[in-house]
>>> print(open('input12.cif').read())   # mmCIF, N, CA and C atoms
data_coords
#
loop_
_atom_site.label_atom_id
_atom_site.label_comp_id
_atom_site.auth_asym_id
_atom_site.auth_seq_id
_atom_site.Cartn_x
_atom_site.Cartn_y
_atom_site.Cartn_z
N MET A 1 -24.75 -3.41 -41.97
CA MET A 1 -25.05 -4.83 -42.07
C MET A 1 -26.56 -5.03 -41.88
N PRO A 2 -27.16 -5.85 -42.72
CA PRO A 2 -28.61 -6.10 -42.56
C PRO A 2 -28.90 -7.17 -41.53
N PHE A 3 -30.16 -7.22 -41.11
CA PHE A 3 -30.62 -8.25 -40.19
C PHE A 3 -30.45 -9.63 -40.82
N ALA A 4 -30.06 -10.60 -39.98
CA ALA A 4 -30.01 -12.01 -40.37
C ALA A 4 -30.57 -12.82 -39.21
N ALA A 5 -31.33 -13.85 -39.50
CA ALA A 5 -31.94 -14.66 -38.44
C ALA A 5 -30.88 -15.12 -37.44
N GLY A 6 -31.27 -15.07 -36.16
CA GLY A 6 -30.35 -15.45 -35.09
C GLY A 6 -30.89 -16.58 -34.24
N ASP A 7 -30.39 -16.68 -33.04
CA ASP A 7 -30.75 -17.73 -32.09
C ASP A 7 -31.80 -17.20 -31.13
N SER A 8 -33.01 -17.71 -31.24
CA SER A 8 -34.13 -17.22 -30.43
C SER A 8 -33.90 -17.42 -28.93
N ALA A 9 -33.31 -18.54 -28.55
CA ALA A 9 -33.06 -18.80 -27.12
C ALA A 9 -32.10 -17.77 -26.53
N LYS A 10 -31.07 -17.45 -27.29
CA LYS A 10 -30.13 -16.41 -26.84
C LYS A 10 -30.81 -15.05 -26.81
N GLY A 11 -31.71 -14.82 -27.77
CA GLY A 11 -32.47 -13.58 -27.79
C GLY A 11 -33.38 -13.45 -26.59
N ALA A 12 -33.97 -14.57 -26.16
CA ALA A 12 -34.84 -14.56 -24.97
C ALA A 12 -34.03 -14.17 -23.73
N SER A 13 -32.83 -14.69 -23.66
CA SER A 13 -31.96 -14.35 -22.53
C SER A 13 -31.58 -12.87 -22.56
N LEU A 14 -31.27 -12.36 -23.74
CA LEU A 14 -30.97 -10.93 -23.88
C LEU A 14 -32.17 -10.08 -23.49
N PHE A 15 -33.37 -10.50 -23.93
CA PHE A 15 -34.57 -9.73 -23.59
C PHE A 15 -34.73 -9.67 -22.08
N LYS A 16 -34.55 -10.80 -21.43
CA LYS A 16 -34.73 -10.87 -19.98
C LYS A 16 -33.75 -9.93 -19.25
N THR A 17 -32.50 -9.89 -19.71
CA THR A 17 -31.50 -9.08 -19.00
C THR A 17 -31.43 -7.64 -19.47
N ARG A 18 -31.85 -7.36 -20.71
CA ARG A 18 -31.68 -6.01 -21.25
C ARG A 18 -32.98 -5.24 -21.46
N CYS A 19 -34.11 -5.95 -21.57
CA CYS A 19 -35.34 -5.28 -22.01
C CYS A 19 -36.53 -5.44 -21.08
N ALA A 20 -36.60 -6.59 -20.39
CA ALA A 20 -37.81 -6.94 -19.64
C ALA A 20 -38.11 -6.00 -18.48
N GLN A 21 -37.12 -5.26 -18.00
CA GLN A 21 -37.40 -4.32 -16.92
C GLN A 21 -38.29 -3.17 -17.40
N CYS A 22 -38.32 -2.94 -18.72
CA CYS A 22 -39.11 -1.83 -19.27
C CYS A 22 -40.20 -2.26 -20.25
N HIS A 23 -40.11 -3.48 -20.81
CA HIS A 23 -41.05 -3.92 -21.84
C HIS A 23 -41.63 -5.29 -21.54
N THR A 24 -42.84 -5.52 -22.02
CA THR A 24 -43.46 -6.84 -22.03
C THR A 24 -43.69 -7.23 -23.48
N VAL A 25 -43.96 -8.54 -23.72
CA VAL A 25 -44.14 -9.00 -25.09
C VAL A 25 -45.47 -9.72 -25.32
N GLY A 26 -46.13 -10.15 -24.28
CA GLY A 26 -47.34 -10.95 -24.44
C GLY A 26 -48.57 -10.11 -24.75
N ALA A 27 -49.47 -10.70 -25.51
CA ALA A 27 -50.74 -10.04 -25.81
C ALA A 27 -51.47 -9.73 -24.50
N GLY A 28 -51.89 -8.50 -24.34
CA GLY A 28 -52.65 -8.10 -23.16
C GLY A 28 -51.82 -7.80 -21.93
N GLU A 29 -50.51 -8.01 -22.00
CA GLU A 29 -49.67 -7.68 -20.85
C GLU A 29 -49.57 -6.16 -20.74
N PRO A 30 -49.33 -5.66 -19.53
CA PRO A 30 -49.33 -4.21 -19.35
C PRO A 30 -48.08 -3.54 -19.93
N ASN A 31 -48.22 -2.25 -20.19
CA ASN A 31 -47.05 -1.43 -20.51
C ASN A 31 -46.29 -1.23 -19.22
N LYS A 32 -45.00 -1.00 -19.35
CA LYS A 32 -44.17 -0.65 -18.20
C LYS A 32 -43.63 0.76 -18.47
N VAL A 33 -42.38 0.99 -18.16
CA VAL A 33 -41.75 2.27 -18.50
C VAL A 33 -41.78 2.45 -20.02
N GLY A 34 -41.62 1.35 -20.74
CA GLY A 34 -41.74 1.32 -22.19
C GLY A 34 -42.99 0.56 -22.57
N PRO A 35 -43.37 0.65 -23.83
CA PRO A 35 -44.62 0.00 -24.26
C PRO A 35 -44.50 -1.52 -24.39
N ASN A 36 -45.64 -2.18 -24.31
CA ASN A 36 -45.72 -3.60 -24.64
C ASN A 36 -45.36 -3.74 -26.12
N LEU A 37 -44.56 -4.75 -26.44
CA LEU A 37 -44.06 -4.90 -27.81
C LEU A 37 -44.88 -5.87 -28.65
N HIS A 38 -45.95 -6.42 -28.11
CA HIS A 38 -46.76 -7.36 -28.87
C HIS A 38 -47.30 -6.68 -30.13
N GLY A 39 -47.08 -7.30 -31.28
CA GLY A 39 -47.56 -6.74 -32.54
C GLY A 39 -46.71 -5.61 -33.10
N ILE A 40 -45.48 -5.46 -32.63
CA ILE A 40 -44.65 -4.33 -33.08
C ILE A 40 -44.28 -4.42 -34.56
N PHE A 41 -44.10 -5.62 -35.10
CA PHE A 41 -43.68 -5.73 -36.50
C PHE A 41 -44.81 -5.28 -37.42
N GLY A 42 -44.49 -4.30 -38.25
CA GLY A 42 -45.47 -3.73 -39.17
C GLY A 42 -46.22 -2.53 -38.58
N ARG A 43 -45.99 -2.24 -37.32
CA ARG A 43 -46.65 -1.10 -36.66
C ARG A 43 -45.78 0.14 -36.80
N LYS A 44 -46.39 1.29 -36.90
CA LYS A 44 -45.66 2.55 -36.95
C LYS A 44 -45.28 2.97 -35.54
N SER A 45 -44.18 3.69 -35.44
CA SER A 45 -43.72 4.20 -34.15
C SER A 45 -44.80 5.05 -33.50
N GLY A 46 -44.89 4.94 -32.19
CA GLY A 46 -45.85 5.74 -31.44
C GLY A 46 -47.28 5.26 -31.52
N GLN A 47 -47.51 4.02 -31.93
CA GLN A 47 -48.87 3.53 -32.13
C GLN A 47 -49.28 2.39 -31.20
N GLY A 48 -48.46 2.03 -30.24
CA GLY A 48 -48.82 0.95 -29.31
C GLY A 48 -49.99 1.36 -28.44
N GLU A 49 -50.93 0.47 -28.28
CA GLU A 49 -52.15 0.77 -27.54
C GLU A 49 -51.88 1.03 -26.06
N GLY A 50 -52.47 2.10 -25.55
CA GLY A 50 -52.44 2.39 -24.13
C GLY A 50 -51.14 2.96 -23.59
N PHE A 51 -50.22 3.36 -24.46
CA PHE A 51 -48.96 3.93 -24.00
C PHE A 51 -48.89 5.38 -24.42
N SER A 52 -48.38 6.22 -23.55
CA SER A 52 -48.27 7.65 -23.82
C SER A 52 -46.92 7.96 -24.47
N TYR A 53 -46.94 8.16 -25.77
CA TYR A 53 -45.72 8.45 -26.53
C TYR A 53 -45.52 9.96 -26.67
N THR A 54 -44.26 10.34 -26.92
CA THR A 54 -43.99 11.74 -27.22
C THR A 54 -44.53 12.06 -28.61
N ALA A 55 -44.78 13.33 -28.87
CA ALA A 55 -45.25 13.75 -30.19
C ALA A 55 -44.21 13.41 -31.25
N ALA A 56 -42.92 13.56 -30.92
CA ALA A 56 -41.87 13.24 -31.88
C ALA A 56 -41.92 11.76 -32.26
N ASN A 57 -42.19 10.92 -31.31
CA ASN A 57 -42.28 9.49 -31.57
C ASN A 57 -43.46 9.18 -32.48
N VAL A 58 -44.60 9.76 -32.19
CA VAL A 58 -45.80 9.54 -32.99
C VAL A 58 -45.59 10.07 -34.41
N ASN A 59 -44.98 11.22 -34.53
CA ASN A 59 -44.82 11.87 -35.83
C ASN A 59 -43.67 11.33 -36.68
N LYS A 60 -42.77 10.57 -36.07
CA LYS A 60 -41.61 10.06 -36.81
C LYS A 60 -42.04 9.13 -37.94
N GLY A 61 -43.05 8.31 -37.71
CA GLY A 61 -43.59 7.47 -38.77
C GLY A 61 -42.73 6.29 -39.18
N VAL A 62 -41.86 5.83 -38.31
CA VAL A 62 -41.05 4.64 -38.61
C VAL A 62 -41.96 3.42 -38.56
N THR A 63 -41.87 2.56 -39.56
CA THR A 63 -42.58 1.29 -39.52
C THR A 63 -41.59 0.25 -39.03
N TRP A 64 -41.92 -0.39 -37.91
CA TRP A 64 -41.01 -1.35 -37.30
C TRP A 64 -40.99 -2.66 -38.08
N ASP A 65 -39.79 -3.03 -38.50
CA ASP A 65 -39.54 -4.33 -39.11
C ASP A 65 -38.16 -4.78 -38.63
N GLU A 66 -37.70 -5.90 -39.16
CA GLU A 66 -36.41 -6.44 -38.71
C GLU A 66 -35.28 -5.43 -38.89
N GLN A 67 -35.24 -4.75 -40.02
CA GLN A 67 -34.14 -3.85 -40.30
C GLN A 67 -34.20 -2.56 -39.46
N THR A 68 -35.38 -1.98 -39.30
CA THR A 68 -35.46 -0.76 -38.49
C THR A 68 -35.13 -1.07 -37.03
N LEU A 69 -35.57 -2.23 -36.52
CA LEU A 69 -35.20 -2.62 -35.16
C LEU A 69 -33.71 -2.89 -35.06
N PHE A 70 -33.13 -3.51 -36.07
CA PHE A 70 -31.69 -3.79 -36.08
C PHE A 70 -30.90 -2.50 -35.95
N GLU A 71 -31.28 -1.49 -36.69
CA GLU A 71 -30.61 -0.18 -36.63
C GLU A 71 -30.89 0.51 -35.30
N TYR A 72 -32.12 0.48 -34.86
CA TYR A 72 -32.50 1.16 -33.62
C TYR A 72 -31.78 0.57 -32.41
N LEU A 73 -31.71 -0.76 -32.34
CA LEU A 73 -31.11 -1.40 -31.18
C LEU A 73 -29.60 -1.22 -31.09
N GLU A 74 -28.98 -0.86 -32.20
CA GLU A 74 -27.54 -0.58 -32.15
C GLU A 74 -27.28 0.69 -31.35
N ASN A 75 -28.12 1.69 -31.55
CA ASN A 75 -27.99 2.95 -30.83
C ASN A 75 -29.31 3.70 -30.98
N PRO A 76 -30.22 3.56 -30.00
CA PRO A 76 -31.54 4.17 -30.12
C PRO A 76 -31.53 5.68 -30.35
N LYS A 77 -30.48 6.35 -29.96
CA LYS A 77 -30.44 7.79 -30.13
C LYS A 77 -29.96 8.22 -31.51
N LYS A 78 -29.26 7.35 -32.22
CA LYS A 78 -28.65 7.75 -33.48
C LYS A 78 -29.66 7.86 -34.63
N PRO A 79 -30.20 6.76 -35.16
CA PRO A 79 -31.06 6.91 -36.33
C PRO A 79 -32.45 7.46 -36.01
N PHE A 80 -32.88 7.31 -34.79
CA PHE A 80 -34.23 7.71 -34.43
C PHE A 80 -34.19 8.61 -33.21
N ARG A 81 -33.24 9.54 -33.18
CA ARG A 81 -33.01 10.28 -31.95
C ARG A 81 -34.25 10.96 -31.39
N LEU A 82 -35.21 11.30 -32.21
CA LEU A 82 -36.42 11.94 -31.70
C LEU A 82 -37.39 10.96 -31.05
N LEU A 83 -37.18 9.66 -31.29
CA LEU A 83 -38.09 8.68 -30.72
C LEU A 83 -37.89 8.49 -29.23
N THR A 84 -36.66 8.61 -28.79
CA THR A 84 -36.31 8.23 -27.43
C THR A 84 -36.65 9.34 -26.45
N ARG A 85 -37.62 9.08 -25.59
CA ARG A 85 -37.99 10.11 -24.63
C ARG A 85 -37.18 10.03 -23.36
N MET A 86 -36.57 8.88 -23.10
CA MET A 86 -35.71 8.75 -21.93
C MET A 86 -34.28 9.06 -22.34
N THR A 87 -33.70 10.09 -21.80
CA THR A 87 -32.31 10.36 -22.12
C THR A 87 -31.40 9.58 -21.19
N VAL A 88 -31.85 9.29 -20.00
CA VAL A 88 -31.06 8.48 -19.06
C VAL A 88 -31.99 7.47 -18.41
N HIS A 89 -31.73 6.22 -18.67
CA HIS A 89 -32.49 5.15 -18.03
C HIS A 89 -32.10 5.13 -16.56
N PRO A 90 -33.04 4.95 -15.66
CA PRO A 90 -32.71 5.02 -14.23
C PRO A 90 -31.66 4.01 -13.77
N ARG A 91 -31.52 2.89 -14.46
CA ARG A 91 -30.56 1.88 -14.03
C ARG A 91 -29.26 1.91 -14.82
N TYR A 92 -29.21 2.64 -15.90
CA TYR A 92 -28.04 2.59 -16.76
C TYR A 92 -27.58 3.99 -17.11
N LYS A 93 -26.34 4.30 -16.76
CA LYS A 93 -25.84 5.65 -16.95
C LYS A 93 -25.84 6.11 -18.40
N ASP A 94 -25.77 5.17 -19.34
CA ASP A 94 -25.70 5.58 -20.74
C ASP A 94 -27.06 5.61 -21.41
N GLY A 95 -28.13 5.55 -20.65
CA GLY A 95 -29.46 5.59 -21.24
C GLY A 95 -29.97 4.21 -21.57
N LEU A 96 -30.62 4.06 -22.70
CA LEU A 96 -31.17 2.77 -23.09
C LEU A 96 -30.07 1.75 -23.32
N ARG A 97 -30.40 0.48 -23.14
CA ARG A 97 -29.42 -0.59 -23.30
C ARG A 97 -29.20 -0.88 -24.78
N TRP A 98 -28.14 -0.42 -25.31
CA TRP A 98 -27.82 -0.63 -26.71
C TRP A 98 -27.20 -2.00 -26.88
N LEU A 99 -27.34 -2.53 -28.07
CA LEU A 99 -26.73 -3.82 -28.41
C LEU A 99 -25.76 -3.56 -29.56
N LYS A 100 -24.51 -3.41 -29.25
CA LYS A 100 -23.51 -3.07 -30.26
C LYS A 100 -23.18 -4.23 -31.19
N LYS A 101 -23.27 -5.47 -30.69
CA LYS A 101 -22.91 -6.63 -31.51
C LYS A 101 -24.06 -7.01 -32.44
N ASP A 102 -23.74 -7.16 -33.73
CA ASP A 102 -24.74 -7.58 -34.71
C ASP A 102 -25.42 -8.87 -34.28
N LYS A 103 -24.64 -9.84 -33.80
CA LYS A 103 -25.19 -11.13 -33.40
C LYS A 103 -26.23 -10.97 -32.29
N ASP A 104 -25.96 -10.14 -31.31
CA ASP A 104 -26.92 -9.91 -30.22
C ASP A 104 -28.22 -9.31 -30.76
N ARG A 105 -28.10 -8.34 -31.66
CA ARG A 105 -29.30 -7.74 -32.22
C ARG A 105 -30.08 -8.75 -33.05
N ASN A 106 -29.38 -9.57 -33.83
CA ASN A 106 -30.05 -10.61 -34.61
C ASN A 106 -30.77 -11.61 -33.69
N ASP A 107 -30.13 -12.02 -32.61
CA ASP A 107 -30.74 -12.96 -31.68
C ASP A 107 -31.98 -12.36 -31.03
N LEU A 108 -31.87 -11.12 -30.57
CA LEU A 108 -33.01 -10.47 -29.92
C LEU A 108 -34.19 -10.29 -30.88
N ILE A 109 -33.92 -9.85 -32.08
CA ILE A 109 -34.99 -9.64 -33.05
C ILE A 109 -35.64 -10.97 -33.44
N THR A 110 -34.85 -12.01 -33.57
CA THR A 110 -35.40 -13.34 -33.86
C THR A 110 -36.34 -13.77 -32.74
N TYR A 111 -35.92 -13.56 -31.50
CA TYR A 111 -36.79 -13.86 -30.36
C TYR A 111 -38.07 -13.03 -30.42
N LEU A 112 -37.94 -11.74 -30.66
CA LEU A 112 -39.11 -10.87 -30.72
C LEU A 112 -40.07 -11.29 -31.82
N LYS A 113 -39.53 -11.66 -32.98
CA LYS A 113 -40.41 -12.09 -34.08
C LYS A 113 -41.28 -13.28 -33.66
N GLU A 114 -40.73 -14.17 -32.86
CA GLU A 114 -41.48 -15.33 -32.40
C GLU A 114 -42.42 -14.98 -31.24
N SER A 115 -42.05 -14.01 -30.44
CA SER A 115 -42.79 -13.72 -29.20
C SER A 115 -43.88 -12.69 -29.34
N VAL A 116 -43.76 -11.79 -30.30
CA VAL A 116 -44.69 -10.66 -30.36
C VAL A 116 -45.61 -10.70 -31.57
N ARG A 117 -45.51 -11.74 -32.36
CA ARG A 117 -46.35 -11.79 -33.56
C ARG A 117 -47.81 -12.00 -33.17
N ILE A 118 -48.66 -11.44 -33.97
CA ILE A 118 -50.10 -11.58 -33.77
C ILE A 118 -50.53 -12.81 -34.54
N LEU A 119 -51.11 -13.74 -33.83
CA LEU A 119 -51.54 -15.00 -34.48
C LEU A 119 -52.89 -14.88 -35.11
#
>>> encode(input="input12.cif", output="structure tokens")
Amino acid sequence: MPFAAGDSAKGASLFKTRCAQCHTVGAGEPNKVGPNLHGIFGRKSGQGEGFSYTAANVNKGVTWDEQTLFEYLENPKKPFRLLTRMTVHPRYKDGLRWLKKDKDRNDLITYLKESVRIL
């Protein structure tokens, strides 16, 4: 299933509960365990400023857009298994917080599109 615009407010809530412990979205905000996501759309994997990525992540060459994020967020280990350097997230036994529901992924990506775009 392809990406379809979702509910940004619901996406903000998902980001807060599923992503904010590891990522920030604002311009100039610091990296955490994961990189700051500001400007992610159109950027190649492993290219966020000031974050130490694995060589596999840098070399994968994925260009982040709505569809690649939609696929990645369903199961970060499946389509981009070399990107994920954390095999077990410290708070979650199954690793990164996957979003199995299409609607949740659409909502989160819609929120990210509004929050991380470069003006």
>>> atom_distance(input="input12.cif", atom1="CA of Lys103 (chain A)", atom2="CA of Glu29 (chain A)")
27.7 Å
>>> atom_distance(input="input12.cif", atom1="atom N of Asn75 (chain A)", atom2="CA of Asn36 (chain A)")
19.6 Å
>>> resolve_selection(input="input12.cif", expression="the PyMOL selection byres ((chain A and resi 34) around 6.5)", output="CSV table (one decimal) with N, CA and C atoms, in the frame of the given file")
chain,number,residue,atom,x,y,z
A,22,CYS,N,-38.3,-2.9,-18.7
A,22,CYS,CA,-39.1,-1.8,-19.3
A,22,CYS,C,-40.2,-2.3,-20.2
A,23,HIS,N,-40.1,-3.5,-20.8
A,23,HIS,CA,-41.0,-3.9,-21.8
A,23,HIS,C,-41.6,-5.3,-21.5
A,24,THR,N,-42.8,-5.5,-22.0
A,24,THR,CA,-43.5,-6.8,-22.0
A,24,THR,C,-43.7,-7.2,-23.5
A,31,ASN,N,-48.2,-2.2,-20.2
A,31,ASN,CA,-47.0,-1.4,-20.5
A,31,ASN,C,-46.3,-1.2,-19.2
A,32,LYS,N,-45.0,-1.0,-19.4
A,32,LYS,CA,-44.2,-0.6,-18.2
A,32,LYS,C,-43.6,0.8,-18.5
A,33,VAL,N,-42.4,1.0,-18.2
A,33,VAL,CA,-41.8,2.3,-18.5
A,33,VAL,C,-41.8,2.4,-20.0
A,35,PRO,N,-43.4,0.6,-23.8
A,35,PRO,CA,-44.6,0.0,-24.3
A,35,PRO,C,-44.5,-1.5,-24.4
A,36,ASN,N,-45.6,-2.2,-24.3
A,36,ASN,CA,-45.7,-3.6,-24.6
A,36,ASN,C,-45.4,-3.7,-26.1
>>> select_by_dssp(input="input12.cif", residues="chain A", states="alpha helix (DSSP H)", output="ChimeraX atom specification")
/A:8-18,55-60,66-74,102-115
>>> closest_residue(input="input12.cif", among="A:Leu112, A:Ala20, A:Gly26, A:Phe3", to="Gln67 (chain A)", atoms="all atoms listed in the file")
A:Phe3
>>> resolve_selection(input="input12.cif", expression="the PyMOL selection byres (((chain A and resi 4-13 and name CA) around 10) and name CA)", output="list in words")
Met1, Pro2, Phe3, Leu14, Phe15, Lys16, Thr17, Arg18, Cys19, Ala20, Glu66, Gln67, Phe70, Asp102, Lys103, Asp104, Arg105, Asn106, Asp107, Leu108, Ile109, Thr110, Tyr111, Leu112, Lys113, Glu114 and Ser115 of chain A
>>> write_last_selection(input="input12.cif", atoms="N, CA and C atoms", output="PDB file, in the coordinates of the input")
ATOM      1  N   MET A   1     -24.750  -3.410 -41.970  1.00  0.00           N
ATOM      2  CA  MET A   1     -25.050  -4.830 -42.070  1.00  0.00           C
ATOM      3  C   MET A   1     -26.560  -5.030 -41.880  1.00  0.00           C
ATOM      4  N   PRO A   2     -27.160  -5.850 -42.720  1.00  0.00           N
ATOM      5  CA  PRO A   2     -28.610  -6.100 -42.560  1.00  0.00           C
ATOM      6  C   PRO A   2     -28.900  -7.170 -41.530  1.00  0.00           C
ATOM      7  N   PHE A   3     -30.160  -7.220 -41.110  1.00  0.00           N
ATOM      8  CA  PHE A   3     -30.620  -8.250 -40.190  1.00  0.00           C
ATOM      9  C   PHE A   3     -30.450  -9.630 -40.820  1.00  0.00           C
ATOM     10  N   LEU A  14     -31.270 -12.360 -23.740  1.00  0.00           N
ATOM     11  CA  LEU A  14     -30.970 -10.930 -23.880  1.00  0.00           C
ATOM     12  C   LEU A  14     -32.170 -10.080 -23.490  1.00  0.00           C
ATOM     13  N   PHE A  15     -33.370 -10.500 -23.930  1.00  0.00           N
ATOM     14  CA  PHE A  15     -34.570  -9.730 -23.590  1.00  0.00           C
ATOM     15  C   PHE A  15     -34.730  -9.670 -22.080  1.00  0.00           C
ATOM     16  N   LYS A  16     -34.550 -10.800 -21.430  1.00  0.00           N
ATOM     17  CA  LYS A  16     -34.730 -10.870 -19.980  1.00  0.00           C
ATOM     18  C   LYS A  16     -33.750  -9.930 -19.250  1.00  0.00           C
ATOM     19  N   THR A  17     -32.500  -9.890 -19.710  1.00  0.00           N
ATOM     20  CA  THR A  17     -31.500  -9.080 -19.000  1.00  0.00           C
ATOM     21  C   THR A  17     -31.430  -7.640 -19.470  1.00  0.00           C
ATOM     22  N   ARG A  18     -31.850  -7.360 -20.710  1.00  0.00           N
ATOM     23  CA  ARG A  18     -31.680  -6.010 -21.250  1.00  0.00           C
ATOM     24  C   ARG A  18     -32.980  -5.240 -21.460  1.00  0.00           C
ATOM     25  N   CYS A  19     -34.110  -5.950 -21.570  1.00  0.00           N
ATOM     26  CA  CYS A  19     -35.340  -5.280 -22.010  1.00  0.00           C
ATOM     27  C   CYS A  19     -36.530  -5.440 -21.080  1.00  0.00           C
ATOM     28  N   ALA A  20     -36.600  -6.590 -20.390  1.00  0.00           N
ATOM     29  CA  ALA A  20     -37.810  -6.940 -19.640  1.00  0.00           C
ATOM     30  C   ALA A  20     -38.110  -6.000 -18.480  1.00  0.00           C
ATOM     31  N   GLU A  66     -37.700  -5.900 -39.160  1.00  0.00           N
ATOM     32  CA  GLU A  66     -36.410  -6.440 -38.710  1.00  0.00           C
ATOM     33  C   GLU A  66     -35.280  -5.430 -38.890  1.00  0.00           C
ATOM     34  N   GLN A  67     -35.240  -4.750 -40.020  1.00  0.00           N
ATOM     35  CA  GLN A  67     -34.140  -3.850 -40.300  1.00  0.00           C
ATOM     36  C   GLN A  67     -34.200  -2.560 -39.460  1.00  0.00           C
ATOM     37  N   PHE A  70     -33.130  -3.510 -36.070  1.00  0.00           N
ATOM     38  CA  PHE A  70     -31.690  -3.790 -36.080  1.00  0.00           C
ATOM     39  C   PHE A  70     -30.900  -2.500 -35.950  1.00  0.00           C
ATOM     40  N   ASP A 102     -23.740  -7.160 -33.730  1.00  0.00           N
ATOM     41  CA  ASP A 102     -24.740  -7.580 -34.710  1.00  0.00           C
ATOM     42  C   ASP A 102     -25.420  -8.870 -34.280  1.00  0.00           C
ATOM     43  N   LYS A 103     -24.640  -9.840 -33.800  1.00  0.00           N
ATOM     44  CA  LYS A 103     -25.190 -11.130 -33.400  1.00  0.00           C
ATOM     45  C   LYS A 103     -26.230 -10.970 -32.290  1.00  0.00           C
ATOM     46  N   ASP A 104     -25.960 -10.140 -31.310  1.00  0.00           N
ATOM     47  CA  ASP A 104     -26.920  -9.910 -30.220  1.00  0.00           C
ATOM     48  C   ASP A 104     -28.220  -9.310 -30.760  1.00  0.00           C
ATOM     49  N   ARG A 105     -28.100  -8.340 -31.660  1.00  0.00           N
ATOM     50  CA  ARG A 105     -29.300  -7.740 -32.220  1.00  0.00           C
ATOM     51  C   ARG A 105     -30.080  -8.750 -33.050  1.00  0.00           C
ATOM     52  N   ASN A 106     -29.380  -9.570 -33.830  1.00  0.00           N
ATOM     53  CA  ASN A 106     -30.050 -10.610 -34.610  1.00  0.00           C
ATOM     54  C   ASN A 106     -30.770 -11.610 -33.690  1.00  0.00           C
ATOM     55  N   ASP A 107     -30.130 -12.020 -32.610  1.00  0.00           N
ATOM     56  CA  ASP A 107     -30.740 -12.960 -31.680  1.00  0.00           C
ATOM     57  C   ASP A 107     -31.980 -12.360 -31.030  1.00  0.00           C
ATOM     58  N   LEU A 108     -31.870 -11.120 -30.570  1.00  0.00           N
ATOM     59  CA  LEU A 108     -33.010 -10.470 -29.920  1.00  0.00           C
ATOM     60  C   LEU A 108     -34.190 -10.290 -30.880  1.00  0.00           C
ATOM     61  N   ILE A 109     -33.920  -9.850 -32.080  1.00  0.00           N
ATOM     62  CA  ILE A 109     -34.990  -9.640 -33.050  1.00  0.00           C
ATOM     63  C   ILE A 109     -35.640 -10.970 -33.440  1.00  0.00           C
ATOM     64  N   THR A 110     -34.850 -12.010 -33.570  1.00  0.00           N
ATOM     65  CA  THR A 110     -35.400 -13.340 -33.860  1.00  0.00           C
ATOM     66  C   THR A 110     -36.340 -13.770 -32.740  1.00  0.00           C
ATOM     67  N   TYR A 111     -35.920 -13.560 -31.500  1.00  0.00           N
ATOM     68  CA  TYR A 111     -36.790 -13.860 -30.360  1.00  0.00           C
ATOM     69  C   TYR A 111     -38.070 -13.030 -30.420  1.00  0.00           C
ATOM     70  N   LEU A 112     -37.940 -11.740 -30.660  1.00  0.00           N
ATOM     71  CA  LEU A 112     -39.110 -10.870 -30.720  1.00  0.00           C
ATOM     72  C   LEU A 112     -40.070 -11.290 -31.820  1.00  0.00           C
ATOM     73  N   LYS A 113     -39.530 -11.660 -32.980  1.00  0.00           N
ATOM     74  CA  LYS A 113     -40.410 -12.090 -34.080  1.00  0.00           C
ATOM     75  C   LYS A 113     -41.280 -13.280 -33.660  1.00  0.00           C
ATOM     76  N   GLU A 114     -40.730 -14.170 -32.860  1.00  0.00           N
ATOM     77  CA  GLU A 114     -41.480 -15.330 -32.400  1.00  0.00           C
ATOM     78  C   GLU A 114     -42.420 -14.980 -31.240  1.00  0.00           C
ATOM     79  N   SER A 115     -42.050 -14.010 -30.440  1.00  0.00           N
ATOM     80  CA  SER A 115     -42.790 -13.720 -29.200  1.00  0.00           C
ATOM     81  C   SER A 115     -43.880 -12.690 -29.340  1.00  0.00           C
TER      82      SER A 115
END
>>> residues_around(input="input12.cif", residues="Gly61 (chain A)", least_positions_apart="6", cutoff="8 Å", atoms="all atoms listed in the file", output="PyMOL selection string")
chain A and resi 43-46
>>> closest_residue(input="input12.cif", among="A:Arg117, A:Trp98, A:Phe41, A:Asn59", to="Pro76 (chain A)", atoms="only C-alpha atoms")
A:Trp98
>>> select_by_dssp(input="input12.cif", residues="chain A", states="strand (DSSP E or B)", output="list in words")
Lys44, Thr63, His89 and Tyr92 of chain A
>>> resolve_selection(input="input12.cif", expression="the PyMOL selection byres (((chain A and resi 39 and name CA) around 7) and name CA)", output="list in words")
Leu37, His38, Ile40, Phe41, Val116, Arg117 and Ile118 of chain A
>>> atom_distance(input="input12.cif", atom1="atom C of Gln47 (chain A)", atom2="atom N of Gly28 (chain A)")
13.1 Å
>>> axis_aligned_box(input="input12.cif", around="region 3-8 of chain A", padding_each_side="8 Å", output="AutoDock Vina command-line options")
--center_x -32.1 --center_y -12.5 --center_z -35.0 --size_x 20.1 --size_y 26.5 --size_z 28.2
>>> closest_residue(input="input12.cif", among="A:Glu49, A:Asn57, A:Lys100, A:Val62", to="Glu74 (chain A)", atoms="only C-alpha atoms")
A:Lys100
